[in-house]
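Asks: Dropping in data-v6.cif, which is mmCIF, C-alpha atoms:
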```cif
data_model
loop_
_atom_site.label_atom_id
_atom_site.label_comp_id
_atom_site.auth_asym_id
_atom_site.auth_seq_id
_atom_site.Cartn_x
_atom_site.Cartn_y
_atom_site.Cartn_z
CA MET A 422 -8.03 16.28 -0.55
CA ARG A 423 -6.75 18.69 -3.20
CA ILE A 424 -3.13 18.12 -4.24
CA GLY A 425 -0.87 20.20 -6.47
CA LEU A 426 1.41 18.15 -8.74
CA ILE A 427 4.64 19.55 -10.16
CA SER A 428 7.84 18.10 -11.59
CA ASP A 429 11.09 18.91 -13.30
CA THR A 430 11.22 22.54 -12.18
CA HIS A 431 15.01 22.68 -12.68
CA GLY A 432 15.65 25.48 -10.20
CA SER A 433 12.63 27.76 -10.54
CA ILE A 434 8.89 27.96 -9.97
CA PRO A 435 6.90 30.01 -12.51
CA PRO A 436 4.82 32.72 -10.77
CA GLU A 437 1.51 31.34 -12.09
CA VAL A 438 1.97 28.16 -10.03
CA GLU A 439 1.07 30.06 -6.85
CA ARG A 440 -2.32 31.03 -8.31
CA ILE A 441 -3.04 27.53 -9.65
CA PHE A 442 -2.06 25.83 -6.38
CA LYS A 443 -3.87 28.32 -4.12
CA GLY A 444 -5.98 26.37 -1.63
CA VAL A 445 -4.36 22.94 -2.17
CA ASP A 446 -3.83 20.79 0.93
CA LEU A 447 -0.52 19.30 -0.23
CA ILE A 448 2.02 19.71 -3.04
CA LEU A 449 3.86 16.71 -4.50
CA HIS A 450 7.03 17.48 -6.47
CA ALA A 451 8.12 14.54 -8.66
CA GLY A 452 11.81 15.43 -8.74
CA ASP A 453 14.51 17.37 -10.53
CA ILE A 454 14.27 20.31 -8.15
CA CYS A 455 17.89 20.91 -9.23
CA TYR A 456 20.95 23.02 -8.89
CA GLY A 457 21.48 22.22 -5.20
CA SER A 458 18.92 24.81 -4.15
CA LEU A 459 15.92 24.28 -1.92
CA GLY A 460 14.40 27.56 -3.14
CA PRO A 461 11.73 25.89 -5.29
CA LEU A 462 10.56 23.71 -2.39
CA ASP A 463 10.57 26.68 -0.01
CA GLN A 464 8.53 28.68 -2.53
CA LEU A 465 6.00 25.86 -2.83
CA GLU A 466 5.86 25.36 0.94
CA ALA A 467 4.64 28.96 1.30
CA ILE A 468 1.49 27.65 -0.46
CA ALA A 469 1.05 24.23 1.22
CA PRO A 470 3.09 21.39 2.77
CA VAL A 471 5.48 19.79 0.25
CA LEU A 472 6.85 16.30 -0.34
CA ALA A 473 9.40 15.72 -3.10
CA ALA A 474 10.95 12.74 -4.85
CA ARG A 475 14.68 12.79 -5.57
CA GLY A 476 15.33 13.37 -9.25
CA ASP A 477 18.33 12.25 -11.25
CA GLU A 478 19.61 15.85 -11.26
CA ASP A 479 19.08 16.53 -7.54
CA HIS A 480 22.29 16.89 -5.57
CA LYS A 481 23.56 16.75 -1.99
CA GLN A 482 22.03 19.91 -0.53
CA THR A 483 18.61 18.91 -1.88
CA LEU A 484 18.98 15.33 -0.63
CA GLY A 485 19.62 16.47 2.94
CA ASP A 486 16.19 18.07 3.14
CA LYS A 487 13.52 16.16 5.13
CA ARG A 488 10.94 16.80 2.38
CA VAL A 489 13.00 14.90 -0.20
CA LYS A 490 13.18 11.10 -0.43
CA ASP A 491 13.85 8.62 -3.22
CA LYS A 492 10.12 7.99 -3.13
CA HIS A 493 7.18 8.80 -0.91
CA SER A 494 4.33 6.42 -0.24
CA LEU A 495 1.11 7.67 1.34
CA THR A 496 -2.55 6.71 1.59
CA ILE A 497 -5.40 9.17 1.08
CA ASP A 498 -9.04 8.08 1.39
CA GLY A 499 -7.98 4.44 0.97
CA ILE A 500 -5.98 5.10 -2.21
CA ASN A 501 -2.24 4.44 -2.24
CA LEU A 502 -0.07 7.16 -3.78
CA LEU A 503 3.53 6.60 -4.82
CA LEU A 504 5.58 9.70 -5.62
CA ILE A 505 8.76 8.91 -7.56
CA HIS A 506 10.85 10.67 -10.19
CA ASP A 507 11.48 7.88 -12.69
CA ILE A 508 8.66 5.32 -12.67
CA ALA A 509 10.80 2.85 -14.63
CA CYS A 510 12.67 2.30 -11.34
CA GLU A 511 9.50 0.55 -10.12
CA GLY A 512 9.74 -1.94 -13.01
CA ILE A 513 6.88 -0.28 -14.90
CA GLN A 514 7.11 -0.11 -18.69
CA THR A 515 7.46 3.55 -19.64
CA GLU A 516 8.44 3.61 -23.30
CA SER A 517 5.13 5.12 -24.43
CA TYR A 518 5.41 7.91 -21.85
CA TRP A 519 8.45 9.33 -23.67
CA PHE A 520 6.49 9.79 -26.91
CA VAL A 521 3.32 11.48 -25.66
CA ASP A 522 2.22 14.53 -27.65
CA LYS A 523 2.88 17.24 -25.06
CA ASN A 524 -0.31 19.08 -26.11
CA GLN A 525 -2.54 16.01 -25.70
CA PHE A 526 -3.02 16.61 -21.98
CA ASN A 527 -2.72 20.41 -21.79
CA ASN A 528 -5.74 21.88 -19.99
CA VAL A 529 -7.54 18.56 -19.69
CA THR A 530 -9.54 17.11 -16.78
CA LYS A 531 -10.37 13.44 -16.26
CA ILE A 532 -12.59 11.91 -13.58
CA TRP A 533 -12.79 8.36 -12.17
CA SER A 534 -15.43 7.01 -9.80
CA GLY A 535 -14.25 4.01 -7.77
CA GLY A 536 -11.97 1.14 -8.71
CA ILE A 537 -8.65 2.99 -8.39
CA LYS A 538 -6.32 1.42 -5.82
CA THR A 539 -2.98 3.07 -6.61
CA ILE A 540 -1.89 6.37 -8.11
CA TYR A 541 1.68 6.67 -9.38
CA ILE A 542 2.89 10.26 -9.60
CA PHE A 543 6.12 10.64 -11.53
CA GLY A 544 8.22 13.02 -13.63
CA HIS A 545 11.46 12.64 -15.61
CA THR A 546 9.99 12.61 -19.14
CA HIS A 547 8.95 16.30 -19.05
CA LYS A 548 5.67 15.28 -20.71
CA PRO A 549 2.23 15.25 -19.08
CA VAL A 550 0.60 11.83 -18.79
CA ILE A 551 -2.72 10.57 -17.47
CA ASP A 552 -2.96 6.81 -17.96
CA HIS A 553 -5.26 4.18 -16.44
CA LYS A 554 -4.23 0.53 -16.24
CA ASN A 555 -5.35 -2.33 -13.97
CA ASN A 556 -6.95 -0.23 -11.18
CA SER A 557 -3.97 2.15 -11.21
CA LEU A 558 -3.54 5.70 -12.44
CA PHE A 559 -0.24 6.99 -13.76
CA ILE A 560 0.13 10.76 -13.62
CA ASN A 561 3.01 12.91 -14.80
CA PRO A 562 2.27 16.63 -14.49
CA GLY A 563 4.96 17.36 -17.11
CA SER A 564 7.76 19.85 -16.58
CA ALA A 565 6.75 23.25 -15.24
CA THR A 566 9.77 24.97 -16.81
CA GLU A 567 11.18 22.80 -19.61
CA PRO A 568 8.34 21.14 -21.56
CA ASP A 569 9.60 18.33 -23.74
CA HIS A 570 13.17 19.04 -22.46
CA GLU A 571 13.19 22.36 -24.33
CA LEU A 572 14.56 25.41 -22.53
CA ILE A 573 13.07 28.26 -24.56
CA PHE A 574 12.56 31.70 -23.00
CA GLY A 575 8.88 32.23 -22.24
CA ASN A 576 7.92 28.63 -23.06
CA LEU A 577 6.43 27.23 -19.86
CA GLY A 578 5.09 23.74 -19.34
CA THR A 579 2.37 22.18 -17.22
CA VAL A 580 1.40 21.31 -13.65
CA GLY A 581 -1.34 19.08 -12.29
CA LEU A 582 -4.18 19.19 -9.81
CA LEU A 583 -5.39 16.00 -8.17
CA ASN A 584 -8.63 15.89 -6.16
CA ILE A 585 -9.30 12.77 -4.13
CA ASP A 586 -12.44 12.18 -2.12
CA THR A 587 -14.26 9.08 -1.02
CA ASN A 588 -16.04 8.49 -4.33
CA ASN A 589 -14.13 10.39 -7.00
CA ILE A 590 -10.67 11.10 -8.36
CA GLN A 591 -10.29 14.13 -10.58
CA ILE A 592 -7.05 14.96 -12.40
CA SER A 593 -6.39 18.20 -14.27
CA ILE A 594 -3.32 19.10 -16.28
CA VAL A 595 -2.95 22.87 -16.50
CA LYS A 596 -0.84 24.66 -19.11
CA LEU A 597 1.20 27.52 -17.64
CA LYS A 598 1.08 30.83 -19.49
#
```
Show me the file's structure as structure tokens.
Replies:
Amino acid sequence: MRIGLISDTHGSIPPEVERIFKGVDLILHAGDICYGSLGPLDQLEAIAPVLAARGDEDHKQTLGDKRVKDKHSLTIDGINLLLIHDIACEGIQTESYWFVDKNQFNNVTKIWSGGIKTIYIFGHTHKPVIDHKNNSLFINPGSATEPDHELIFGNLGTVGLLNIDTNNIQISIVKLK
């Protein structure tokens, strides 16, 4: 299954996302859709079905949507996926995820064969992360629109692509242009 990963869009979806996500089976939005608008989710749903985690800046109109929950838990090819905005809410230590060099994971692909039981997909830090610990993967696609919490005209962030099949997991972080 091919999954598009996006987070912290803060009210808009950059046009390039449609091209990058073309052909995905599912899109997971890790929260901060923002500004009470469902427009970003509707835009993404024109590409593929969408599930979204509630972010700390998501308000009432967004929360009433059936696609949005505090967290989503699903199983794909025997691997558990947890979609949540702030992974610290799961009791997971996240300090290092706030200090990642935002360029470290731009346009990078990593592959795992077997051994992964759980994949945590999260947002909130606005920084891309791919981390492997104790048979778990931690993935933050970064912010699509405000990398490193900076709102600078023309400065776009990153999204992710996750491929899961019976024997392999492939994760790509893609820098938007």
Asks: Determine the residue membership of the PyMOL selection byres ((chain A and resi 543) around 12) for the file above and supply it as a ChimeraX atom specification.
Replies: /A:426-429,449-453,473-476,491-493,502-511,513,515,518,540-542,544-552,558-564,580-581
Asks: Can you translate the PyMOL selection byres ((chain A and resi 566) around 12) into the concrete residues it hits in this file, as number ranges by chain?
Replies: A: 427-438, 453-455, 461, 547-548, 562-565, 567-580, 596-598
Asks: Atom CA of A:Ile441 and atom CA of A:Ile468, how far apart in Å?
Replies: 10.2 Å
Asks: Taking all atoms listed in the file into account, name the residue in A:Arg488, A:Lys531, A:Arg423, A:Lys538 that is nearest to A:Gly444.
Replies: A:Arg423
Asks: Could you state the separation of atom CA of A:Asn555 and atom CA of A:Leu583 in Å, given to one decimal place?
Replies: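 So the answer is 19.2 Å.
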Asks: With the file shown as input, list the residues that the PyMOL selection byres ((chain A and resi 585) around 9) selects, as a list of chain:residue names.
Replies: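 With the shown file as input, the PyMOL selection byres ((chain A and resi 585) around 9) matches A:Met422, A:Arg423, A:Ile424, A:Ile497, A:Asp498, A:Ile500, A:Leu583, A:Asn584, A:Asp586, A:Thr587, A:Asn588, A:Asn589, A:Ile590, A:Gln591, A:Ile592.
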Asks: Could you list, as a VMD selection string, every residue within 9 Å of A:Pro470, counting only C-alpha atoms and ignoring same-chain residues fewer than 3 positions away?
Replies: chain A and resid 446 to 449 465 to 467
Asks: Suppose you want the space between atom CA of A:Leu459 and atom CA of A:Asp486; what is it in Å?
Replies: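 For atom CA of A:Leu459 relative to atom CA of A:Asp486, the distance reads 8.0 Å.
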Asks: Could you tell me which of A:Gly512, A:Gly425, A:Trp533, A:Asn501 comes closest to A:Glu439 if we count all atoms listed in the file?
Replies: A:Gly425
Asks: My list of candidates is A:Thr483, A:Lys443, A:Ser517, A:Ser494. Which is closest to A:Gly460 when distances are computed with only C-alpha atoms?
Replies: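 The closest residue to A:Gly460 is A:Thr483.
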Asks: Box time for stretch 553-565 of chain A: axis-aligned, enclosing all its listed atoms, 4 Å extra on each side; report centre and edge lengths in Å to one decimal, as JSON.
Replies:
```
{"center_x": 0.4, "center_y": 10.5, "center_z": -14.1, "size_x": 22.7, "size_y": 33.6, "size_z": 13.9}
```
